[in-house]
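Here the structure is laid out as structure tokens; the discussion comes afterwards.
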Amino acid sequence: MPLTEIQIRKAKPTDKPLKLSDGKGLYLLLTPTGSKLWRWKYRVDGKEKLMTLGAYPDMPLAQARMRHEDERRVLLAGIDPMAQRKADRHARQLAADNSFATVAGLWWASWKAARSDNHVESVMRRLKSDVFPAIGTRPIAEIEAPELVRMAKAIEARGALDIAKRALQTTGQVFRYAIAHGLATRNPAADIKPSDVLASRKKENYARLDAKELPELMRKIEGYQGTPTTRLAIKLMALTFVRTSELIGARWAEFDLAAARWDIPAPRMKMKTPHVVPLSTQAVEVLRTLQLLTGGRELLFPGERDHAKPMSNNTILMALARMGYKHRMTGHGFRGIASTLLHELGFDHAHIEIQLAHQERNAVSASYNHATYLTQRAVMMQNWGDYLTNCTKPNHEQI
């Protein structure tokens with residue numbers, strides 16, 4: 001007779017193991033210690049085998065019968081259920097061992113040897129924050145292009161378009177590593193062009209270098225043979241990435257060097273609200289040097305002929321042209337480079353956008369917003385100053 005739930009609940013252990021049969025080889029084993037275990041006895045190629053299905057009450061009678069029927073169907077198909085279970089377990093373990101995150105870790109360990117510490121850390125940070133949450137647990141051989149598209153668009157949705165593009169680039173490198181080591185047969189990232197799935201950034205009429213060209217530019221700025229005031233203006237623009245009009249119109253009254261702070265008043269801002277620029281130690285050093293040249297005047301960068309007016313808009317542009325960057329770089333280009341690299345270095349998108357003064361503000365919120373995240377932005381700006389300093393060192397590697 002088949003078992004019932006009441007019969008199972010009332011069954012008491014004895015000093016010897018007790019079997020309660022449910023039919024077709026399925027039975028409940030009562031051990032002397034009180035355990036109740038579901039077992040199935042079957043034969044394959046004339047050999048008797050015994051499979052444990054689960055324990056009661058975690059696996060109630062109805063569930064045990066369904067599991068029993070599932071295993072019987074495997075047996076009727078000519079497959080040993082225990083051998084199939086072992087193969088499935090091995091496949092799951094293999095999938096875990098060959099997950100995207102695991103393979104990416106192997107790629108990263110191999111790839112990092114020839115890279116700088118900052119570059120290595122930023123790439124792993126990008127993987128952990130953007131890529132692994134999306135596809136990290138997936139077996140690398142099973143990942144398809146639409147999964148990468150979803151990952152990239154999720155990154156894009158928070159405003160980090162450059163990061164989305166680099167995430168696709170990095171995943172492609174991991175897939176190539178997997179193919180080379182027999183862990184995958186194809187690279188789904190190769191099927192995707194960022195322009196096919198990500199929005200194009202609004203075109204600006206501001207030429208700018210690729211971020212990887214920044215070290216050479218910073219070294220040329222250090223060696224610039226033009227006027228000292230122009231050289232310091234370009235350095236300060238690189239360190240603060242303000243707009244050209246905001247830089248050349250700067251007045252000494254706006255600066256508190258002891259507090260390492262530059263307060264740009266609302267009338268001089270594009271958004272017509274106040275803006276705070278935390279000053280790195282490098283920026284303060286530039287300003288103290290500049291004080292020796294123009295500290296006695298109202299403007300930081302007075303014009304050559306009329307000291308009551310700021311230097312020309314073209315002064316920085318012409319200096320960059322003399323360095324060899326005509327039609328390739330503008331003063332405004334420092335803003336785009338800073339945005340790209342600060343995102344790559346892992347800084348919060350909102351902090352970067354506020355420092356770029358991209359936030360839309362109204363008269364009511366302006367007094368609050370211009371100082372939002374000021375502590376975090378001060379840390380970010382000091383890191384940016386350190387980054388630019390490292391750019392001038394030999395063998396510096398960009399992200």
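By order in the structure tokens, chains are A, B, ...; within a chain, residues start at 1; ligands start at 1, following the order shown.
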
| task | Can you pull out every residue within 12 Å of A:Met323, counting only C-alpha atoms, but drop anything in the same chain fewer than 5 positions away, and send it as a ChimeraX atom specification? | result | /A:216-226,231,234,316-318,328-330

With N, CA and C atoms retained, could you export that selection as a short mmCIF file (atom, residue, chain, number, x, y, z; two decimals), in the first residue's frame?
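Result written to result_3.cif:
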```
data_model
loop_
_atom_site.label_atom_id
_atom_site.label_comp_id
_atom_site.auth_asym_id
_atom_site.auth_seq_id
_atom_site.Cartn_x
_atom_site.Cartn_y
_atom_site.Cartn_z
N GLU A 216 51.62 63.61 -22.66
CA GLU A 216 52.48 64.39 -23.54
C GLU A 216 52.10 65.87 -23.49
N LEU A 217 50.80 66.15 -23.47
CA LEU A 217 50.35 67.54 -23.41
C LEU A 217 50.83 68.20 -22.12
N MET A 218 50.69 67.51 -20.99
CA MET A 218 51.09 68.11 -19.71
C MET A 218 52.60 68.37 -19.69
N ARG A 219 53.37 67.51 -20.30
CA ARG A 219 54.82 67.73 -20.35
C ARG A 219 55.15 68.95 -21.23
N LYS A 220 54.40 69.12 -22.32
CA LYS A 220 54.63 70.27 -23.20
C LYS A 220 54.21 71.57 -22.51
N ILE A 221 53.17 71.51 -21.70
CA ILE A 221 52.76 72.70 -20.95
C ILE A 221 53.87 73.11 -19.98
N GLU A 222 54.46 72.11 -19.31
CA GLU A 222 55.55 72.41 -18.37
C GLU A 222 56.73 73.08 -19.08
N GLY A 223 56.95 72.69 -20.33
CA GLY A 223 58.10 73.24 -21.06
C GLY A 223 57.75 74.38 -21.99
N TYR A 224 56.53 74.92 -21.88
CA TYR A 224 56.08 75.97 -22.79
C TYR A 224 56.97 77.20 -22.67
N GLN A 225 57.39 77.74 -23.83
CA GLN A 225 58.34 78.85 -23.86
C GLN A 225 57.67 80.20 -24.05
N GLY A 226 56.33 80.25 -24.03
CA GLY A 226 55.64 81.53 -24.16
C GLY A 226 55.67 82.29 -22.85
N ARG A 231 51.32 80.23 -19.62
CA ARG A 231 51.62 78.85 -19.19
C ARG A 231 50.86 78.51 -17.90
N ILE A 234 47.11 77.94 -18.59
CA ILE A 234 46.79 76.61 -19.13
C ILE A 234 46.88 75.56 -18.02
N ILE A 316 44.84 81.12 -24.98
CA ILE A 316 45.11 79.71 -24.67
C ILE A 316 45.07 78.87 -25.95
N LEU A 317 44.13 79.18 -26.83
CA LEU A 317 44.02 78.43 -28.08
C LEU A 317 45.29 78.57 -28.91
N MET A 318 45.82 79.78 -28.98
CA MET A 318 47.04 80.01 -29.76
C MET A 318 48.24 79.33 -29.11
N ARG A 328 43.34 70.46 -32.78
CA ARG A 328 43.26 69.18 -32.07
C ARG A 328 42.89 69.34 -30.61
N MET A 329 43.12 70.54 -30.04
CA MET A 329 42.85 70.74 -28.62
C MET A 329 42.48 72.19 -28.36
N THR A 330 41.51 72.38 -27.48
CA THR A 330 41.11 73.71 -27.04
C THR A 330 41.14 73.75 -25.52
#
```

| task | Tell me which protein, DNA and RNA residues are within 12 Å of A:Glu156, counting only C-alpha atoms, leaving out same-chain ones fewer than 3 positions away, and put them as a PyMOL selection string. | result | chain A and resi 130+149-153+159-168+194+197-201+349

Spatial neighbours of A:Tyr373, max dist 9 Å, only C-alpha atoms, sep filter under 4 positions, as an mmCIF file with all heavy atoms, in the first residue's frame:
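Done, and the output landed in around_2.cif:
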```cif
data_model
loop_
_atom_site.group_PDB
_atom_site.id
_atom_site.type_symbol
_atom_site.label_atom_id
_atom_site.label_comp_id
_atom_site.auth_asym_id
_atom_site.auth_seq_id
_atom_site.Cartn_x
_atom_site.Cartn_y
_atom_site.Cartn_z
ATOM 1 N N ALA A 350 27.664 62.022 -10.195
ATOM 2 C CA ALA A 350 27.030 63.263 -9.739
ATOM 3 C C ALA A 350 28.067 64.284 -9.291
ATOM 4 O O ALA A 350 27.935 65.486 -9.564
ATOM 5 C CB ALA A 350 26.061 62.965 -8.600
ATOM 6 N N HIS A 351 29.126 63.827 -8.624
ATOM 7 C CA HIS A 351 30.175 64.736 -8.163
ATOM 8 C C HIS A 351 30.891 65.370 -9.365
ATOM 9 O O HIS A 351 31.209 66.567 -9.350
ATOM 10 C CB HIS A 351 31.187 63.987 -7.289
ATOM 11 C CG HIS A 351 30.568 63.315 -6.100
ATOM 12 N ND1 HIS A 351 31.230 62.391 -5.320
ATOM 13 C CD2 HIS A 351 29.334 63.438 -5.557
ATOM 14 C CE1 HIS A 351 30.431 61.972 -4.368
ATOM 15 N NE2 HIS A 351 29.277 62.587 -4.490
ATOM 16 N N ILE A 354 28.541 67.976 -11.111
ATOM 17 C CA ILE A 354 28.432 69.230 -10.356
ATOM 18 C C ILE A 354 29.712 70.043 -10.500
ATOM 19 O O ILE A 354 29.675 71.265 -10.673
ATOM 20 C CB ILE A 354 28.119 68.946 -8.873
ATOM 21 C CG1 ILE A 354 26.697 68.402 -8.737
ATOM 22 C CG2 ILE A 354 28.266 70.215 -8.035
ATOM 23 C CD1 ILE A 354 26.328 68.005 -7.338
ATOM 24 N N ASN A 369 22.840 74.210 -4.075
ATOM 25 C CA ASN A 369 23.478 73.297 -5.017
ATOM 26 C C ASN A 369 24.939 73.618 -5.299
ATOM 27 O O ASN A 369 25.723 72.732 -5.595
ATOM 28 C CB ASN A 369 22.693 73.284 -6.336
ATOM 29 C CG ASN A 369 21.444 72.429 -6.246
ATOM 30 O OD1 ASN A 369 21.347 71.591 -5.374
ATOM 31 N ND2 ASN A 369 20.499 72.661 -7.129
ATOM 32 N N ARG A 377 33.969 66.497 -3.493
ATOM 33 C CA ARG A 377 34.578 67.121 -4.673
ATOM 34 C C ARG A 377 35.999 67.592 -4.373
ATOM 35 O O ARG A 377 36.872 67.564 -5.246
ATOM 36 C CB ARG A 377 33.716 68.285 -5.160
ATOM 37 C CG ARG A 377 32.430 67.824 -5.829
ATOM 38 C CD ARG A 377 31.757 68.976 -6.553
ATOM 39 N NE ARG A 377 31.040 69.861 -5.666
ATOM 40 C CZ ARG A 377 31.065 71.184 -5.739
ATOM 41 N NH1 ARG A 377 31.812 71.792 -6.645
ATOM 42 N NH2 ARG A 377 30.361 71.930 -4.911
ATOM 43 N N ALA A 378 36.232 68.020 -3.127
ATOM 44 C CA ALA A 378 37.587 68.433 -2.757
ATOM 45 C C ALA A 378 38.555 67.253 -2.836
ATOM 46 O O ALA A 378 39.680 67.381 -3.330
ATOM 47 C CB ALA A 378 37.587 69.022 -1.344
#
```

Long-range neighbours of A:Ala260 as a short mmCIF file (atom, residue, chain, number, x, y, z; two decimals) with N, CA, C and O atoms, in the first residue's frame, 6 Å cut-off, only C-alpha atoms, 3 positions minimum in chain:
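Final output, saved to out.cif:
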```
data_model
loop_
_atom_site.label_atom_id
_atom_site.label_comp_id
_atom_site.auth_asym_id
_atom_site.auth_seq_id
_atom_site.Cartn_x
_atom_site.Cartn_y
_atom_site.Cartn_z
N ASP A 256 40.28 82.07 -2.04
CA ASP A 256 40.74 81.95 -0.66
C ASP A 256 41.78 80.84 -0.67
O ASP A 256 41.44 79.65 -0.57
N LEU A 257 43.04 81.20 -0.85
CA LEU A 257 44.08 80.19 -0.99
C LEU A 257 44.30 79.42 0.31
O LEU A 257 44.66 78.24 0.28
N LEU A 279 40.31 73.69 -4.59
CA LEU A 279 41.63 73.79 -5.20
C LEU A 279 42.58 72.73 -4.66
O LEU A 279 42.75 72.61 -3.43
#
```

| Any idea what's packed within 10 Å of stretch 286-289 of chain A, counting only C-alpha atoms, ignoring anything in its chain fewer than 6 positions away? Could you give it as a ChimeraX atom specification? | /A:228-229,231-233,235-236,239,252,255,257,279-280,295,300

Give me the residues within 8 Å of A:Arg186 as a PDB file with all heavy atoms, in the first residue's frame, counting only C-alpha atoms and dropping any in the same chain fewer than 6 places off.
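Wrote it out as part_8.pdb, contents follow:
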```
ATOM      1  N   ALA A 141      30.896  30.773 -21.619  1.00  0.00           N
ATOM      2  CA  ALA A 141      30.600  30.195 -22.936  1.00  0.00           C
ATOM      3  C   ALA A 141      29.139  30.364 -23.323  1.00  0.00           C
ATOM      4  O   ALA A 141      28.774  30.145 -24.483  1.00  0.00           O
ATOM      5  CB  ALA A 141      30.974  28.715 -22.947  1.00  0.00           C
ATOM      6  N   PHE A 175      36.780  37.914 -23.314  1.00  0.00           N
ATOM      7  CA  PHE A 175      36.328  36.842 -24.214  1.00  0.00           C
ATOM      8  C   PHE A 175      37.468  36.339 -25.098  1.00  0.00           C
ATOM      9  O   PHE A 175      37.573  35.136 -25.356  1.00  0.00           O
ATOM     10  CB  PHE A 175      35.164  37.320 -25.073  1.00  0.00           C
ATOM     11  CG  PHE A 175      33.831  37.268 -24.366  1.00  0.00           C
ATOM     12  CD1 PHE A 175      33.175  38.431 -24.009  1.00  0.00           C
ATOM     13  CD2 PHE A 175      33.251  36.057 -24.044  1.00  0.00           C
ATOM     14  CE1 PHE A 175      31.959  38.391 -23.354  1.00  0.00           C
ATOM     15  CE2 PHE A 175      32.034  35.992 -23.383  1.00  0.00           C
ATOM     16  CZ  PHE A 175      31.380  37.171 -23.038  1.00  0.00           C
ATOM     17  N   ILE A 179      38.708  32.473 -25.282  1.00  0.00           N
ATOM     18  CA  ILE A 179      38.828  31.698 -26.521  1.00  0.00           C
ATOM     19  C   ILE A 179      40.231  31.114 -26.647  1.00  0.00           C
ATOM     20  O   ILE A 179      40.412  29.941 -26.989  1.00  0.00           O
ATOM     21  CB  ILE A 179      38.485  32.582 -27.738  1.00  0.00           C
ATOM     22  CG1 ILE A 179      36.997  32.952 -27.710  1.00  0.00           C
ATOM     23  CG2 ILE A 179      38.830  31.861 -29.039  1.00  0.00           C
ATOM     24  CD1 ILE A 179      36.613  34.016 -28.712  1.00  0.00           C
TER      25      ILE A 179
END
```

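Nearest-residue note for A:Arg65: choosing from A:Leu293, A:Leu183, A:Ala308, A:Leu3, the minimum distance belongs to A:Leu3, counting only C-alpha atoms.
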
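The coordinates place atom CA of A:His343 at 23.2 Å from atom CA of A:Leu247.
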
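Going from atom CA of A:Gly249 to atom CA of A:His358 covers 19.2 Å.
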
| said: Write out as an MDAnalysis selection string the set of residues from stretch 94-291 of chain A that DSSP, computed on the backbone, places in alpha helix (DSSP H). | reply: chainID A and resid 94:97 100:111 117:126 132:135 145:157 161:180 194:197 214:222 228:240 244:248 281:291

| request: Could you check how far atom CA of A:Thr294 sits from atom CA of A:Lys326, in Å to one decimal? | output: 27.9 Å

| said: What parts of stretch 148-294 of chain A does DSSP call strand (DSSP E)? I'd like the answer as a PyMOL selection string. | reply: chain A and resi 255-256+261-264+275-278

Residue subset to file, keeping C-alpha atoms, as a PDB file, in the first residue's frame:
```pdb
ATOM      1  CA  PHE A 255      40.068  83.114  -4.213  1.00  0.00           C
ATOM      2  CA  ASP A 256      40.739  81.949  -0.663  1.00  0.00           C
ATOM      3  CA  ARG A 261      38.716  77.421  -2.560  1.00  0.00           C
ATOM      4  CA  TRP A 262      37.640  79.418  -5.603  1.00  0.00           C
ATOM      5  CA  ASP A 263      34.138  80.917  -5.492  1.00  0.00           C
ATOM      6  CA  ILE A 264      32.974  81.994  -8.933  1.00  0.00           C
ATOM      7  CA  HIS A 275      30.059  77.773  -8.405  1.00  0.00           C
ATOM      8  CA  VAL A 276      32.714  76.481  -6.005  1.00  0.00           C
ATOM      9  CA  VAL A 277      35.998  75.042  -7.263  1.00  0.00           C
ATOM     10  CA  PRO A 278      37.937  73.167  -4.552  1.00  0.00           C
TER      11      PRO A 278
END
```

| Of the listed residues A:Glu71, A:Glu298, A:Glu344, A:Asp386, that which approaches A:Met124 most closely, counting only C-alpha atoms |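 Closest candidate: A:Glu344.
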